[in-house]
>>> print(open('entry.tsv').read())   # TSV, C-alpha atoms
chain	number	residue	atom	x	y	z
A	110	MET	CA	121.73	105.26	88.34
A	111	ASP	CA	118.92	106.54	90.44
A	112	LYS	CA	115.26	106.73	89.51
A	113	ARG	CA	113.30	109.79	90.59
A	114	ILE	CA	109.56	109.37	90.83
A	115	VAL	CA	106.62	111.63	91.68
A	116	PHE	CA	103.17	110.36	92.63
A	117	SER	CA	100.52	113.09	92.57
A	118	GLY	CA	96.81	113.06	93.26
A	119	SER	CA	94.36	113.95	95.99
A	120	GLY	CA	94.40	113.17	99.71
A	121	GLY	CA	92.12	110.17	99.73
A	122	GLN	CA	93.74	108.26	96.86
A	123	GLY	CA	96.43	106.58	98.92
A	124	VAL	CA	99.27	108.36	97.15
A	125	ILE	CA	101.50	108.56	100.24
A	126	THR	CA	100.81	104.97	101.21
A	127	ALA	CA	101.75	103.83	97.70
A	128	ALA	CA	104.99	105.81	97.90
A	129	ILE	CA	105.91	104.22	101.23
A	130	ILE	CA	105.11	100.74	99.89
A	131	LEU	CA	107.32	101.33	96.83
A	132	ALA	CA	110.18	102.67	98.98
A	133	GLU	CA	109.95	99.73	101.37
A	134	ALA	CA	109.69	97.18	98.55
A	135	SER	CA	112.87	98.47	96.96
A	136	SER	CA	114.86	98.79	100.18
A	137	LEU	CA	113.68	95.75	102.13
A	138	TYR	CA	113.37	93.27	99.26
A	139	GLU	CA	115.59	94.47	96.43
A	140	ASN	CA	118.66	95.69	98.28
A	141	LEU	CA	118.31	99.24	96.97
A	142	ASN	CA	118.33	102.55	98.82
A	143	ALA	CA	115.19	104.65	98.85
A	144	VAL	CA	114.12	108.05	100.09
A	145	GLN	CA	110.50	109.09	100.24
A	146	THR	CA	109.31	112.66	100.86
A	147	GLN	CA	106.00	114.44	101.25
A	148	SER	CA	105.62	118.18	101.06
A	149	TYR	CA	102.67	119.84	102.76
A	150	GLY	CA	101.95	123.41	101.85
A	151	PRO	CA	98.98	125.50	100.82
A	152	GLU	CA	98.07	122.84	98.19
A	153	ALA	CA	97.72	120.22	100.92
A	154	ARG	CA	95.03	122.36	102.51
A	155	GLY	CA	93.18	122.14	99.19
A	156	GLY	CA	93.48	118.34	99.20
A	157	ALA	CA	96.35	117.95	96.73
A	158	THR	CA	98.99	115.37	97.57
A	159	ARG	CA	102.45	114.82	96.16
A	160	ALA	CA	104.90	112.13	97.22
A	161	ASP	CA	108.46	111.93	95.89
A	162	ILE	CA	110.45	108.71	95.81
A	163	ILE	CA	114.07	108.19	94.85
A	164	ILE	CA	115.40	104.66	94.34
A	165	SER	CA	119.10	104.06	93.89
A	166	LYS	CA	121.84	101.50	94.23
A	167	ALA	CA	124.03	104.19	95.80
A	168	PRO	CA	123.27	106.23	98.93
A	169	ILE	CA	120.98	109.14	98.12
A	170	ARG	CA	122.30	112.59	98.92
A	171	HIS	CA	119.58	114.88	97.58
A	172	PRO	CA	116.07	113.84	98.55
A	173	LYS	CA	114.28	116.50	96.53
A	174	VAL	CA	112.93	115.50	93.11
A	175	ILE	CA	112.95	118.32	90.57
A	176	ASN	CA	112.44	116.50	87.26
A	177	PRO	CA	111.19	112.97	87.76
A	178	HIS	CA	111.95	110.12	85.40
A	179	ILE	CA	108.48	108.85	86.25
A	180	LEU	CA	105.48	111.05	86.96
A	181	ILE	CA	102.09	109.70	87.96
A	182	CYS	CA	99.04	111.99	88.01
A	183	LEU	CA	95.79	110.70	89.45
A	184	THR	CA	93.72	113.90	89.34
A	185	GLN	CA	93.28	116.67	86.79
A	186	GLU	CA	94.66	119.17	89.29
A	187	ALA	CA	97.76	117.04	89.82
A	188	TYR	CA	98.24	116.73	86.06
A	189	ASN	CA	97.73	120.45	85.41
A	190	LYS	CA	100.23	121.31	88.10
A	191	ASN	CA	102.90	118.66	87.50
A	192	ALA	CA	102.87	117.56	83.84
A	193	GLY	CA	105.56	120.09	83.03
A	194	ILE	CA	108.11	118.62	85.43
A	195	VAL	CA	108.47	115.18	83.85
A	196	ARG	CA	112.01	114.60	82.62
A	197	PRO	CA	112.46	114.59	78.83
A	198	GLY	CA	112.45	110.95	77.75
A	199	GLY	CA	110.69	109.92	80.93
A	200	LEU	CA	107.30	108.37	81.56
A	201	MET	CA	104.02	110.01	82.53
A	202	LEU	CA	101.24	107.69	83.69
A	203	THR	CA	97.74	109.09	84.21
A	204	ASP	CA	94.38	107.67	85.15
A	205	LYS	CA	91.98	107.94	82.22
A	206	LYS	CA	88.86	108.65	84.26
A	207	TYR	CA	90.42	111.42	86.30
A	208	VAL	CA	92.78	113.10	83.86
A	209	ARG	CA	92.16	114.60	80.46
A	210	ILE	CA	95.47	115.01	78.66
A	211	ASN	CA	95.52	118.38	76.94
A	212	TYR	CA	99.04	118.77	75.70
A	213	LYS	CA	102.02	116.67	74.67
A	214	VAL	CA	105.01	116.38	76.94
A	215	ASP	CA	108.43	115.19	75.82
A	216	ALA	CA	107.97	111.84	77.52
A	217	ARG	CA	106.14	108.58	77.02
A	218	GLN	CA	102.50	109.24	77.90
A	219	VAL	CA	100.50	106.29	79.16
A	220	GLU	CA	96.82	106.63	80.03
A	221	LEU	CA	95.21	103.69	81.80
A	222	ASP	CA	91.70	103.08	83.11
A	223	MET	CA	92.98	102.04	86.51
A	224	TYR	CA	90.16	103.46	88.61
A	225	LEU	CA	87.43	102.02	86.40
A	226	ALA	CA	89.09	98.58	86.29
A	227	VAL	CA	89.38	98.50	90.09
A	228	MET	CA	85.74	99.45	90.52
A	229	GLU	CA	84.57	96.90	87.93
A	230	LYS	CA	86.68	93.99	89.13
A	231	ILE	CA	86.95	94.61	92.87
A	232	GLY	CA	84.49	97.37	93.69
A	233	LYS	CA	86.71	98.92	96.37
A	234	PRO	CA	88.29	102.30	95.58
A	235	ILE	CA	90.72	101.82	98.48
A	236	VAL	CA	92.94	99.56	96.34
A	237	PHE	CA	93.19	102.02	93.43
A	238	ASN	CA	96.70	102.92	94.61
A	239	ILE	CA	97.78	99.26	94.56
A	240	CYS	CA	96.48	98.90	90.99
A	241	MET	CA	98.60	101.93	90.11
A	242	LEU	CA	101.65	100.23	91.65
A	243	GLY	CA	100.95	97.16	89.52
A	244	ALA	CA	100.86	99.24	86.34
A	245	LEU	CA	104.02	101.04	87.43
A	246	THR	CA	105.99	97.85	88.05
A	247	GLU	CA	104.91	96.44	84.69
A	248	LEU	CA	105.75	99.62	82.76
A	249	THR	CA	109.12	100.28	84.40
A	250	GLY	CA	110.49	97.13	86.05
A	251	LEU	CA	111.43	99.32	89.02
A	252	VAL	CA	110.70	96.54	91.49
A	253	LYS	CA	109.22	93.07	91.25
A	254	PRO	CA	105.49	92.65	91.98
A	255	ASP	CA	106.51	90.05	94.61
A	256	SER	CA	108.38	92.73	96.52
A	257	ILE	CA	105.23	94.86	96.63
A	258	LEU	CA	103.24	91.85	97.83
A	259	ALA	CA	105.84	91.12	100.54
A	260	VAL	CA	105.45	94.65	101.91
A	261	LEU	CA	101.66	94.41	101.76
A	262	LYS	CA	101.77	91.14	103.70
A	263	GLU	CA	103.52	92.94	106.57
A	264	LYS	CA	101.16	95.88	106.56
A	265	ILE	CA	97.68	94.49	106.14
A	266	GLY	CA	95.64	91.66	107.58
A	267	PRO	CA	95.37	88.33	105.70
A	268	ASP	CA	91.68	89.07	104.99
A	269	PHE	CA	92.69	91.93	102.70
A	270	MET	CA	95.55	90.28	100.84
A	271	ALA	CA	93.42	88.71	98.11
A	272	MET	CA	91.84	92.06	97.26
A	273	ASN	CA	95.19	93.83	97.16
A	274	GLN	CA	96.77	91.08	95.09
A	275	GLU	CA	93.91	91.31	92.60
A	276	ALA	CA	94.36	95.08	92.41
A	277	LEU	CA	98.08	94.68	91.76
A	278	GLU	CA	97.42	92.12	89.03
A	279	THR	CA	94.75	94.33	87.49
A	280	GLY	CA	97.31	97.11	87.14
A	281	ILE	CA	99.86	94.73	85.63
A	282	GLN	CA	97.32	93.47	83.08
A	283	LEU	CA	96.26	96.98	82.10
A	284	ALA	CA	99.87	97.89	81.42
A	285	GLN	CA	100.54	94.67	79.52
A	286	ALA	CA	97.57	95.37	77.24
A	287	ILE	CA	98.94	98.58	75.79
B	86	MET	CA	112.28	130.14	111.64
B	87	ASP	CA	112.01	126.49	110.79
B	88	LYS	CA	112.06	123.57	113.19
B	89	ARG	CA	113.92	120.44	112.13
B	90	ILE	CA	112.88	117.25	113.82
B	91	VAL	CA	114.01	113.61	113.70
B	92	PHE	CA	111.94	110.68	114.98
B	93	SER	CA	113.95	107.47	115.29
B	94	GLY	CA	113.05	103.99	116.47
B	95	SER	CA	112.18	100.59	115.08
B	96	GLY	CA	109.78	99.60	112.32
B	97	GLY	CA	106.81	98.60	114.44
B	98	GLN	CA	106.71	101.67	116.68
B	99	GLY	CA	104.70	103.88	114.34
B	100	VAL	CA	107.51	106.38	113.83
B	101	ILE	CA	106.57	107.17	110.22
B	102	THR	CA	102.88	107.44	111.02
B	103	ALA	CA	103.67	109.88	113.84
B	104	ALA	CA	105.78	111.97	111.48
B	105	ILE	CA	102.99	112.14	108.90
B	106	ILE	CA	100.45	113.09	111.59
B	107	LEU	CA	102.73	115.89	112.83
B	108	ALA	CA	103.32	117.18	109.30
B	109	GLU	CA	99.61	117.13	108.49
B	110	ALA	CA	98.66	118.77	111.81
B	111	SER	CA	101.02	121.67	111.19
B	112	SER	CA	100.12	122.16	107.52
B	113	LEU	CA	96.37	121.48	107.56
B	114	TYR	CA	95.48	123.05	110.90
B	115	GLU	CA	98.18	125.59	111.74
B	116	ASN	CA	98.85	127.19	108.39
B	117	LEU	CA	102.50	126.15	108.35
B	118	ASN	CA	104.52	124.39	105.68
B	119	ALA	CA	105.89	120.92	106.35
B	120	VAL	CA	108.12	118.40	104.65
B	121	GLN	CA	108.41	114.83	105.84
B	122	THR	CA	111.05	112.38	104.63
B	123	GLN	CA	111.92	108.75	105.24
B	124	SER	CA	115.23	107.23	104.24
B	125	TYR	CA	115.45	103.51	103.64
B	126	GLY	CA	118.89	102.00	103.48
B	127	PRO	CA	120.73	99.04	104.96
B	128	GLU	CA	119.50	100.09	108.44
B	129	ALA	CA	115.89	99.71	107.33
B	130	ARG	CA	116.63	96.08	106.51
B	131	GLY	CA	117.69	95.70	110.16
B	132	GLY	CA	114.41	97.22	111.31
B	133	ALA	CA	115.63	100.73	112.16
B	134	THR	CA	113.39	103.61	111.14
B	135	ARG	CA	114.07	107.31	110.87
B	136	ALA	CA	111.62	109.99	109.83
B	137	ASP	CA	112.59	113.63	109.31
B	138	ILE	CA	110.11	116.49	109.61
B	139	ILE	CA	110.64	120.16	108.89
B	140	ILE	CA	108.01	122.67	109.93
B	141	SER	CA	108.26	126.27	108.81
B	142	LYS	CA	106.29	129.43	108.15
B	143	ALA	CA	108.21	129.86	104.90
B	144	PRO	CA	108.42	127.41	101.98
B	145	ILE	CA	110.99	124.69	102.69
B	146	ARG	CA	113.86	124.41	100.22
B	147	HIS	CA	116.06	121.71	101.75
B	148	PRO	CA	114.16	118.67	102.95
B	149	LYS	CA	117.15	116.93	104.50
B	150	VAL	CA	117.69	117.29	108.24
B	151	ILE	CA	121.33	117.24	109.31
B	152	ASN	CA	121.22	118.58	112.87
B	153	PRO	CA	117.70	118.52	114.28
B	154	HIS	CA	116.43	120.99	116.86
B	155	ILE	CA	114.41	118.10	118.24
B	156	LEU	CA	115.56	114.46	118.27
B	157	ILE	CA	113.39	111.62	119.50
B	158	CYS	CA	114.89	108.16	120.08
B	159	LEU	CA	112.61	105.26	120.86
B	160	THR	CA	115.15	102.41	120.80
B	161	GLN	CA	118.68	101.98	122.10
B	162	GLU	CA	119.90	101.45	118.55
B	163	ALA	CA	118.26	104.70	117.42
B	164	TYR	CA	119.82	106.53	120.36
B	165	ASN	CA	123.28	105.06	119.82
B	166	LYS	CA	123.17	106.01	116.18
B	167	ASN	CA	121.53	109.44	116.36
B	168	ALA	CA	122.28	111.08	119.73
B	169	GLY	CA	125.29	112.85	118.25
B	170	ILE	CA	123.27	114.72	115.62
B	171	VAL	CA	121.05	116.77	117.94
B	172	ARG	CA	121.65	120.49	117.52
B	173	PRO	CA	123.47	122.21	120.40
B	174	GLY	CA	120.82	123.82	122.57
B	175	GLY	CA	118.15	121.52	121.14
B	176	LEU	CA	115.99	118.86	122.75
B	177	MET	CA	116.48	115.10	122.90
B	178	LEU	CA	113.50	113.05	124.07
B	179	THR	CA	113.95	109.34	124.78
B	180	ASP	CA	111.76	106.56	126.11
B	181	LYS	CA	113.01	105.41	129.50
B	182	LYS	CA	112.21	101.73	129.05
B	183	TYR	CA	113.91	101.42	125.69
B	184	VAL	CA	116.86	103.78	125.95
B	185	ARG	CA	119.67	103.92	128.50
B	186	ILE	CA	121.36	107.32	128.26
B	187	ASN	CA	125.09	106.82	128.46
B	188	TYR	CA	126.56	110.21	127.68
B	189	LYS	CA	125.66	113.85	127.88
B	190	VAL	CA	124.80	115.77	124.75
B	191	ASP	CA	124.81	119.56	124.49
B	192	ALA	CA	121.01	119.69	124.50
B	193	ARG	CA	118.12	119.37	126.90
B	194	GLN	CA	117.74	115.65	127.62
B	195	VAL	CA	114.27	114.47	128.59
B	196	GLU	CA	113.61	110.84	129.46
B	197	LEU	CA	109.98	109.80	129.83
B	198	ASP	CA	108.31	106.49	130.62
B	199	MET	CA	106.01	106.75	127.63
B	200	TYR	CA	105.84	103.08	126.74
B	201	LEU	CA	105.20	101.97	130.31
B	202	ALA	CA	102.51	104.62	130.84
B	203	VAL	CA	100.72	103.57	127.64
B	204	MET	CA	100.79	99.93	128.66
B	205	GLU	CA	99.58	100.66	132.21
B	206	LYS	CA	96.81	103.07	131.27
B	207	ILE	CA	95.65	101.78	127.90
B	208	GLY	CA	97.30	98.41	127.41
B	209	LYS	CA	97.74	98.88	123.64
B	210	PRO	CA	101.29	99.39	122.35
B	211	ILE	CA	99.88	100.66	119.05
B	212	VAL	CA	99.25	104.13	120.55
B	213	PHE	CA	102.79	104.53	121.92
B	214	ASN	CA	103.55	106.87	119.02
B	215	ILE	CA	100.54	109.07	119.85
B	216	CYS	CA	101.69	109.31	123.48
B	217	MET	CA	105.08	110.44	122.14
B	218	LEU	CA	103.35	113.13	120.07
B	219	GLY	CA	101.55	114.31	123.21
B	220	ALA	CA	104.83	114.65	125.09
B	221	LEU	CA	106.38	116.41	122.11
B	222	THR	CA	103.61	119.01	121.80
B	223	GLU	CA	103.77	119.73	125.55
B	224	LEU	CA	107.57	120.04	125.60
B	225	THR	CA	107.88	122.18	122.48
B	226	GLY	CA	104.58	123.87	121.62
B	227	LEU	CA	105.24	122.90	117.98
B	228	VAL	CA	101.55	122.33	117.29
B	229	LYS	CA	98.42	122.30	119.41
B	230	PRO	CA	97.15	118.94	120.70
B	231	ASP	CA	93.82	119.79	119.03
B	232	SER	CA	95.55	119.85	115.64
B	233	ILE	CA	96.87	116.33	116.26
B	234	LEU	CA	93.38	115.19	117.26
B	235	ALA	CA	91.88	116.75	114.13
B	236	VAL	CA	94.26	114.73	111.94
B	237	LEU	CA	93.54	111.56	113.90
B	238	LYS	CA	89.80	112.08	113.43
B	239	GLU	CA	90.29	112.00	109.67
B	240	LYS	CA	92.52	108.95	109.74
B	241	ILE	CA	90.97	106.52	112.18
B	242	GLY	CA	87.53	105.21	112.95
B	243	PRO	CA	85.46	106.74	115.78
B	244	ASP	CA	85.88	103.54	117.81
B	245	PHE	CA	89.58	104.24	118.18
B	246	MET	CA	89.45	107.96	118.95
B	247	ALA	CA	89.04	107.59	122.72
B	248	MET	CA	92.12	105.38	122.96
B	249	ASN	CA	94.20	107.74	120.85
B	250	GLN	CA	93.03	110.78	122.78
B	251	GLU	CA	93.94	109.08	126.04
B	252	ALA	CA	97.40	108.26	124.67
B	253	LEU	CA	97.91	111.88	123.60
B	254	GLU	CA	96.86	113.14	127.03
B	255	THR	CA	99.10	110.58	128.73
B	256	GLY	CA	102.07	111.99	126.85
B	257	ILE	CA	101.08	115.56	127.73
B	258	GLN	CA	100.80	114.67	131.42
B	259	LEU	CA	104.15	112.89	131.48
B	260	ALA	CA	105.81	115.97	130.02
B	261	GLN	CA	103.97	118.31	132.41
B	262	ALA	CA	105.20	116.30	135.40
B	263	ILE	CA	108.90	116.93	134.80
>>> encode(input="entry.tsv", output="structure tokens")
Amino acid sequence: MDKRIVFSGSGGQGVITAAIILAEASSLYENLNAVQTQSYGPEARGGATRADIIISKAPIRHPKVINPHILICLTQEAYNKNAGIVRPGGLMLTDKKYVRINYKVDARQVELDMYLAVMEKIGKPIVFNICMLGALTELTGLVKPDSILAVLKEKIGPDFMAMNQEALETGIQLAQAI
Amino acid sequence: MDKRIVFSGSGGQGVITAAIILAEASSLYENLNAVQTQSYGPEARGGATRADIIISKAPIRHPKVINPHILICLTQEAYNKNAGIVRPGGLMLTDKKYVRINYKVDARQVELDMYLAVMEKIGKPIVFNICMLGALTELTGLVKPDSILAVLKEKIGPDFMAMNQEALETGIQLAQAI
């Protein structure tokens, strides 16, 4: 069965990078197929970003995600726009600092203080997206944290690995605590 | 009318980055819509990369590219696999050092020494993808070079702008010379 995922937020939050890392982790290290899509329209000009990811054991025929099993919203604008698309019975993960939940969706709603934890523990907003990936892996088991780390090792210099690993672990711990 | 484009090559050539830059240039600076997709399957595990881009004045309903108007192949493997998909009457651009053309397709075939020119003039393989974008803009008029530069300015530090600008201009000049 495939898993359809939407990451939404604003341009500077590393949403697209996180989507590419997740797609590569699943395809390069977990023997799955993945497709990863960004759409750029009028919203992009306002700074909004959305990245779609599909992960599947079988080849993927339809790259467009209509109703994601997993929806992540990292800004209020992204939440206001996308909350309604989460699949019934799915999971919606939001960042507590950025998003105020104002209605119930027919899905598991998880609010985590990812941004605040990253700033308190690491002090670098650039790894907020990696913390989000940590929470996601813990909540869903989509891919192993080690697969994320393996992709990171190929992409970033050794000087930055410790910071990224800490961000990933921070996300895992936040999700474990709920 | 939309333009459907495929960039193909190997993992380290910056194919996905180039696709994202092109999509952002057209959507953020030229008031067009864009969708950009990567597929990761068994080929990705062998190092092959393919990025699809659709650019359109209208909203884009079908993100998958079957027969691209424009096909770019930066490795022999990418050429062998993808040459057959270029749309009749379209454009196929290949890098002369990496790809040996061994049959005629029903499209305009342009071979440029992009890699060699980048290495001779700049000496940094990392901007090979930007040189390719320069050649692409000159050959097709898809977006203005200034739109590419505007995206680059947001993405990279000022220290690297001169090198990227030179790579873009190198690609433009190579395409002008044919």
>>> interface_residues(input="entry.tsv", of="chain A", to="chain B", cutoff="10 Å", atoms="only C-alpha atoms", output="PyMOL selection string")
chain A and resi 125+129+132-138+140-156+160-173
>>> atom_distance(input="entry.tsv", atom1="atom CA of B:Val195", atom2="atom CA of B:Met246")
27.4 Å
>>> residues_near_point(input="entry.tsv", point="(94.0, 105.2, 102.8)", cutoff="12 Å", atoms="all atoms listed in the file", output="PyMOL selection string")
(chain A and resi 119-127+233-239+265) or (chain B and resi 239-241)
>>> residues_around(input="entry.tsv", residues="B:Gln261", least_positions_apart="2", cutoff="12 Å", atoms="only C-alpha atoms", output="number ranges by chain")
B: 195, 197, 219-225, 254-259, 263
>>> write_last_selection(input="entry.tsv", atoms="C-alpha atoms", output="compact mmCIF listing (two decimals), keeping the file's coordinate frame")
# COMPACT_ATOMS: atom_id res chain seq x y z
CA VAL B 195 114.27 114.47 128.59
CA LEU B 197 109.98 109.80 129.83
CA GLY B 219 101.55 114.31 123.21
CA ALA B 220 104.83 114.65 125.09
CA LEU B 221 106.38 116.41 122.11
CA THR B 222 103.61 119.01 121.80
CA GLU B 223 103.77 119.73 125.55
CA LEU B 224 107.57 120.04 125.60
CA THR B 225 107.88 122.18 122.48
CA GLU B 254 96.86 113.14 127.03
CA THR B 255 99.10 110.58 128.73
CA GLY B 256 102.07 111.99 126.85
CA ILE B 257 101.08 115.56 127.73
CA GLN B 258 100.80 114.67 131.42
CA LEU B 259 104.15 112.89 131.48
CA ILE B 263 108.90 116.93 134.80
>>> atom_distance(input="entry.tsv", atom1="atom CA of A:Pro267", atom2="atom CA of A:Asp204")
28.2 Å
>>> closest_residue(input="entry.tsv", among="A:Leu131, A:Ala271, A:Leu202, A:Val227", to="A:Val252", atoms="all atoms listed in the file")
A:Leu131
>>> atom_distance(input="entry.tsv", atom1="atom CA of B:Gly226", atom2="atom CA of B:Asp244")
27.9 Å
>>> closest_residue(input="entry.tsv", among="A:Leu225, A:Val208, A:Val174, A:Leu277", to="A:Val195", atoms="all atoms listed in the file")
A:Val174
>>> closest_residue(input="entry.tsv", among="B:Leu159, B:Ile151, B:Leu234, B:Leu218", to="B:Tyr183", atoms="only C-alpha atoms")
B:Leu159
>>> axis_aligned_box(input="entry.tsv", around="stretch 210-214 of chain A", padding_each_side="3 Å", output="lines of an AutoDock Vina configuration file")
center_x = 100.2
center_y = 116.9
center_z = 76.7
size_x = 15.5
size_y = 9.8
size_z = 10.0
>>> closest_residue(input="entry.tsv", among="A:Glu186, A:Val115, A:Met241, A:Leu251", to="A:Asn273", atoms="all atoms listed in the file")
A:Met241
>>> closest_residue(input="entry.tsv", among="B:Lys206, B:Ile90, B:Met248, B:Arg185", to="B:Asn165", atoms="all atoms listed in the file")
B:Arg185
>>> decode(input="entry.tsv", residues="stretch 165-250 of chain B", atoms="C-alpha atoms", output="PDB file, in the first residue's frame")
ATOM      1  CA  ASN B 165      20.184   5.547 -23.566  1.00  0.00           C
ATOM      2  CA  LYS B 166      17.176   5.346 -21.311  1.00  0.00           C
ATOM      3  CA  ASN B 167      15.348   8.551 -22.228  1.00  0.00           C
ATOM      4  CA  ALA B 168      16.172   9.551 -25.823  1.00  0.00           C
ATOM      5  CA  GLY B 169      13.112   7.709 -27.085  1.00  0.00           C
ATOM      6  CA  ILE B 170      10.660   9.780 -25.043  1.00  0.00           C
ATOM      7  CA  VAL B 171      11.352  13.197 -26.582  1.00  0.00           C
ATOM      8  CA  ARG B 172       8.288  14.597 -28.325  1.00  0.00           C
ATOM      9  CA  PRO B 173       8.434  14.650 -32.135  1.00  0.00           C
ATOM     10  CA  GLY B 174       9.465  18.154 -33.142  1.00  0.00           C
ATOM     11  CA  GLY B 175      10.910  18.798 -29.684  1.00  0.00           C
ATOM     12  CA  LEU B 176      14.441  19.504 -28.524  1.00  0.00           C
ATOM     13  CA  MET B 177      17.052  17.129 -27.114  1.00  0.00           C
ATOM     14  CA  LEU B 178      20.099  18.738 -25.504  1.00  0.00           C
ATOM     15  CA  THR B 179      23.047  16.546 -24.498  1.00  0.00           C
ATOM     16  CA  ASP B 180      26.492  17.146 -23.063  1.00  0.00           C
ATOM     17  CA  LYS B 181      29.156  16.260 -25.615  1.00  0.00           C
ATOM     18  CA  LYS B 182      31.683  14.856 -23.155  1.00  0.00           C
ATOM     19  CA  TYR B 183      29.226  12.562 -21.423  1.00  0.00           C
ATOM     20  CA  VAL B 184      26.900  11.466 -24.204  1.00  0.00           C
ATOM     21  CA  ARG B 185      27.659   9.806 -27.526  1.00  0.00           C
ATOM     22  CA  ILE B 186      24.632  10.181 -29.795  1.00  0.00           C
ATOM     23  CA  ASN B 187      24.055   6.907 -31.584  1.00  0.00           C
ATOM     24  CA  TYR B 188      20.749   7.345 -33.341  1.00  0.00           C
ATOM     25  CA  LYS B 189      18.571  10.055 -34.743  1.00  0.00           C
ATOM     26  CA  VAL B 190      15.423  11.091 -32.944  1.00  0.00           C
ATOM     27  CA  ASP B 191      12.582  13.051 -34.536  1.00  0.00           C
ATOM     28  CA  ALA B 192      13.574  16.231 -32.700  1.00  0.00           C
ATOM     29  CA  ARG B 193      16.176  18.943 -32.845  1.00  0.00           C
ATOM     30  CA  GLN B 194      19.376  17.439 -31.430  1.00  0.00           C
ATOM     31  CA  VAL B 195      21.822  19.853 -29.842  1.00  0.00           C
ATOM     32  CA  GLU B 196      25.138  18.649 -28.441  1.00  0.00           C
ATOM     33  CA  LEU B 197      27.138  21.152 -26.400  1.00  0.00           C
ATOM     34  CA  ASP B 198      30.457  20.923 -24.584  1.00  0.00           C
ATOM     35  CA  MET B 199      28.979  22.286 -21.384  1.00  0.00           C
ATOM     36  CA  TYR B 200      31.035  20.276 -18.924  1.00  0.00           C
ATOM     37  CA  LEU B 201      34.325  20.992 -20.672  1.00  0.00           C
ATOM     38  CA  ALA B 202      33.561  24.719 -20.952  1.00  0.00           C
ATOM     39  CA  VAL B 203      32.726  24.920 -17.241  1.00  0.00           C
ATOM     40  CA  MET B 204      35.935  23.146 -16.303  1.00  0.00           C
ATOM     41  CA  GLU B 205      38.067  25.305 -18.622  1.00  0.00           C
ATOM     42  CA  LYS B 206      36.551  28.648 -17.681  1.00  0.00           C
ATOM     43  CA  ILE B 207      35.596  28.163 -14.047  1.00  0.00           C
ATOM     44  CA  GLY B 208      37.179  24.911 -12.934  1.00  0.00           C
ATOM     45  CA  LYS B 209      34.277  23.977 -10.638  1.00  0.00           C
ATOM     46  CA  PRO B 210      32.064  21.066 -11.719  1.00  0.00           C
ATOM     47  CA  ILE B 211      29.425  22.169  -9.208  1.00  0.00           C
ATOM     48  CA  VAL B 212      28.137  24.862 -11.616  1.00  0.00           C
ATOM     49  CA  PHE B 213      27.741  22.474 -14.568  1.00  0.00           C
ATOM     50  CA  ASN B 214      23.991  22.468 -13.938  1.00  0.00           C
ATOM     51  CA  ILE B 215      23.837  26.278 -14.072  1.00  0.00           C
ATOM     52  CA  CYS B 216      25.703  26.262 -17.401  1.00  0.00           C
ATOM     53  CA  MET B 217      23.073  23.801 -18.650  1.00  0.00           C
ATOM     54  CA  LEU B 218      20.317  26.194 -17.544  1.00  0.00           C
ATOM     55  CA  GLY B 219      22.048  28.987 -19.481  1.00  0.00           C
ATOM     56  CA  ALA B 220      22.104  26.900 -22.649  1.00  0.00           C
ATOM     57  CA  LEU B 221      18.480  25.914 -22.082  1.00  0.00           C
ATOM     58  CA  THR B 222      17.238  29.494 -21.694  1.00  0.00           C
ATOM     59  CA  GLU B 223      19.122  30.566 -24.840  1.00  0.00           C
ATOM     60  CA  LEU B 224      17.851  27.641 -26.923  1.00  0.00           C
ATOM     61  CA  THR B 225      14.232  27.835 -25.816  1.00  0.00           C
ATOM     62  CA  GLY B 226      13.419  31.252 -24.333  1.00  0.00           C
ATOM     63  CA  LEU B 227      11.541  29.391 -21.564  1.00  0.00           C
ATOM     64  CA  VAL B 228      12.540  31.952 -18.942  1.00  0.00           C
ATOM     65  CA  LYS B 229      14.831  34.963 -18.904  1.00  0.00           C
ATOM     66  CA  PRO B 230      18.399  34.497 -17.622  1.00  0.00           C
ATOM     67  CA  ASP B 231      17.656  37.301 -15.139  1.00  0.00           C
ATOM     68  CA  SER B 232      14.919  35.176 -13.573  1.00  0.00           C
ATOM     69  CA  ILE B 233      17.422  32.353 -13.029  1.00  0.00           C
ATOM     70  CA  LEU B 234      19.871  34.824 -11.477  1.00  0.00           C
ATOM     71  CA  ALA B 235      17.162  36.192  -9.180  1.00  0.00           C
ATOM     72  CA  VAL B 236      16.484  32.684  -7.833  1.00  0.00           C
ATOM     73  CA  LEU B 237      20.196  32.023  -7.411  1.00  0.00           C
ATOM     74  CA  LYS B 238      20.582  35.253  -5.434  1.00  0.00           C
ATOM     75  CA  GLU B 239      18.055  33.979  -2.914  1.00  0.00           C
ATOM     76  CA  LYS B 240      19.615  30.546  -2.641  1.00  0.00           C
ATOM     77  CA  ILE B 241      23.354  31.060  -2.507  1.00  0.00           C
ATOM     78  CA  GLY B 242      25.757  33.346  -0.720  1.00  0.00           C
ATOM     79  CA  PRO B 243      27.107  36.476  -2.459  1.00  0.00           C
ATOM     80  CA  ASP B 244      30.560  34.870  -2.644  1.00  0.00           C
ATOM     81  CA  PHE B 245      29.257  32.298  -5.098  1.00  0.00           C
ATOM     82  CA  MET B 246      27.174  34.556  -7.335  1.00  0.00           C
ATOM     83  CA  ALA B 247      30.002  35.527  -9.695  1.00  0.00           C
ATOM     84  CA  MET B 248      30.848  31.881 -10.372  1.00  0.00           C
ATOM     85  CA  ASN B 249      27.224  30.975 -10.997  1.00  0.00           C
ATOM     86  CA  GLN B 250      26.667  33.978 -13.234  1.00  0.00           C
TER      87      GLN B 250
END
